[in-house]
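Below is one structure; the comments refer to it alone.
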Amino acid sequence: MPSATARKKERNTTVTTLSSRPTLLLAWYDRHRRRLPWRAAPGETSDPYRVWLSEIMLQQTTVKAVGPYFEKFVARWSDVTALGDASLDDVLRMWAGLGYYSRARNLHACAVAVTREHGGAFPDTEEGLRALPGIGPYTAAAIAAIAFDRHTMPVDGNIERVVSRLYAVEEELPQAKPTIQQMATTLLANARAGDSAQALMDLGASICTPKKPACSLCPLNEDCVARALGTQETFPRKAPKKSGTLRRGAAFVVTRGDELLVRSRPEKGLLGGMTEVPGSDWLAGQEDATAKQQAPDIKGLSRWQRKVGAVTHVFTHFPLELVVYTAKAEARTRAPSGMRWVPIATLADEALPNLMRKVIAHALD
Ligand code: SF4
């Protein structure tokens with residue numbers, strides 16, 4: 001139960017300073033904004049291509065991890081038309097290692113749509129942006145605000161945290177999203193909508209951090225309910241996570257001299273179109289013996305050797321454990337249908353997801 005003093009402070013500050021929050025926030029942003037490779041310098045106009053590319057890359061990935069990928073992409077494809085003209089294979093190869101590969105496929109599909117259907121110019125409204133592949137409500141709002149200064153507030157994890165603390169939102173995520181969205185719009189300045197959104201993102205990333213927020217440096221600290229109550233770190237409230245059931249399977253790493261046997265995953269679905277070594281199904285409770293029966297049938301292969309230990313990986317909806325088997329093929333052994341030999345030395349050029357990198361490293365160790 002909040003103390004009487006905290007309740008009084010909450011009432012007073014909420015009444016007196018609501019309208020000045022956007023101004024305080026922008027003044028702070030003008031002094032402390034992060035320098036990010038995709039962000040326009042003060043006074044410059046944002047490039048919708050760079051804003052879109054960064055927003056797609058940042059979905060479920062950190063700023064630190066995205067930086068080098070963003071630089072690689074803009075160096076290779078300087079605008080959306082160049083990316084739309086690239087092959088999907090090239091895009092997947094450049095994306096390899098960034099995870100969540102459906103994003104790369106949608107990225108390419110979106111670049112093709114913008115190039116062919118919009119003459120190389122991104123739509124400048126949320127509605128127009130949402131009609132493009134891979135652009136959901138959040139990304140559409142982010143691009144509309146940052147690239148086109150539309151009066152809208154994209155609410156990411158950082159903004160959710162700041163807003164839920166400012167207002168001490170008791171409702172749990174994800175149910176609280178509409179409430180937080182509505183509250184977040186009170187922080188939009190009448191002009192400079194894009195800067196308001198980026199200011200909140202930066203505040204969440206650098207000051208209002210998940211642990212030990214630096215409230216004394218926060219431009220909104222006099223007006224923050226959670227701070228007044230001393231309960232900052234308990235927000236946002238979250239429903240307990242349900243972790244998926246562990247799935248198990250086997251991966252088969254076959255070498256032929258300096259080459260390795262690989263195949264491409266089906267275009268649709270998890271890790272769609274990415275390169276992998278042959279493997280079994282991934283099923284909950286699968287026995288090793290059942291998984292091993294799905295090894296590729298190749299004439300003249302040495303005996304399968306089981307590597308000690310297993311490779312583990314966590315996807316969004318389930319954890320996975322793969323047992324790894326290795327075998328050697330004779331020179332001139334033909335690859336089974338749908339598979340191919342690739343030189344181990346050029347594996348870095350393949351669109352290998354992180355899981356497969358771990359499997360191959362484990363096998364060749
Ligand atoms: S005062 Fe503290 S808890 Fe409140 S918004 Fe600022 S940094 Fe976050």
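Ligands are numbered from 1 in the order shown, residues from 1 within each chain, and chains are lettered A, B, ... in the order they appear in the structure tokens.
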
Name the residues in contact with Leu166 in chain A at a cut-off of 10 Å, using only C-alpha atoms, excluding same-chain residues fewer than 2 positions from it; report them as a count of residues only.
-> 21

Backbone DSSP call of helix (DSSP H, G or I) for range 67-241 of chain A, listed as a PyMOL selection string | chain A and resi 67-76+80-85+88-95+102-117+126-130+137-148+157-166+177-187+193-206+215-217+221-223+225-229+232-234

Enumerate the residues of range 139-351 of chain A with a DSSP assignment of strand (DSSP E), computed from the backbone, and present them as a count of residues only.
-> 41

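Compared by their closest atoms to His313 in chain A, and using only C-alpha atoms, the residues A:Thr346, A:Gly99, A:Leu364, A:Gly194 rank with A:Gly99 nearest.
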
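The smallest atom-to-atom distance between ligand 1 and any of A:Ile159, A:Ala250, A:Ala327, A:Met356, using only C-alpha atoms and all ligand atoms, is found for A:Ile159.
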
Do you know which residues are at most 8 Å from Tyr101 in chain A counting only C-alpha atoms, after dropping those on the same chain fewer than 5 positions away, and could you put them as a ChimeraX atom specification?
-> /A:92,95-96,270-272,274

Okay, now the selection with N, CA and C atoms, as a compact mmCIF listing (two decimals), in the first residue's frame?
# COMPACT_ATOMS: atom_id res chain seq x y z
N LEU A 92 19.64 -13.73 -47.78
CA LEU A 92 19.70 -14.70 -46.68
C LEU A 92 21.15 -14.92 -46.23
N TRP A 95 22.23 -12.12 -44.15
CA TRP A 95 21.48 -12.10 -42.89
C TRP A 95 21.97 -13.19 -41.93
N ALA A 96 22.59 -14.22 -42.46
CA ALA A 96 22.94 -15.40 -41.65
C ALA A 96 23.63 -15.00 -40.36
N LEU A 270 9.85 -22.60 -40.05
CA LEU A 270 11.00 -22.26 -39.22
C LEU A 270 12.30 -22.33 -40.02
N LEU A 271 13.13 -21.31 -39.93
CA LEU A 271 14.42 -21.24 -40.64
C LEU A 271 14.23 -21.47 -42.15
N GLY A 272 13.11 -21.00 -42.68
CA GLY A 272 12.76 -21.23 -44.08
C GLY A 272 13.86 -20.85 -45.06
N MET A 274 16.88 -21.71 -45.23
CA MET A 274 18.26 -21.67 -44.73
C MET A 274 18.96 -23.01 -45.01

Which neighbours of Gln182 in chain A fall inside 10 Å, counting only C-alpha atoms, when residues of the same chain fewer than 5 positions from it are skipped, and could you give them as a ChimeraX atom specification?
-> /A:153,155,163,177,187

Filtering to N, CA and C atoms, could you give me those residues as a CSV table (one decimal), in the first residue's frame?
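File produced: part03.csv:
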chain,number,residue,atom,x,y,z
A,153,MET,N,2.9,7.0,-31.8
A,153,MET,CA,3.9,6.5,-30.9
A,153,MET,C,4.1,5.0,-31.0
A,155,VAL,N,5.3,1.7,-29.7
A,155,VAL,CA,5.7,1.2,-28.3
A,155,VAL,C,6.5,-0.1,-28.4
A,163,VAL,N,6.9,3.8,-19.7
A,163,VAL,CA,5.5,4.2,-19.5
A,163,VAL,C,4.9,3.5,-18.3
A,177,LYS,N,-0.9,-3.9,-23.0
A,177,LYS,CA,-0.4,-3.2,-24.2
A,177,LYS,C,-1.3,-2.1,-24.7
A,187,LEU,N,3.0,11.4,-24.3
A,187,LEU,CA,4.4,11.8,-24.3
A,187,LEU,C,4.8,12.4,-25.7

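Neighbours of Tyr29 in chain A closer than or equal to 10 Å, with only C-alpha atoms counted and sequence neighbours fewer than 3 positions away skipped, come out as Thr23, Leu24, Leu25, Leu26, His32, Arg33, Arg34, Asp195, Ser196, Gln198, Ala199, Leu200, Asp202, Leu203 and Pro219 of chain A.
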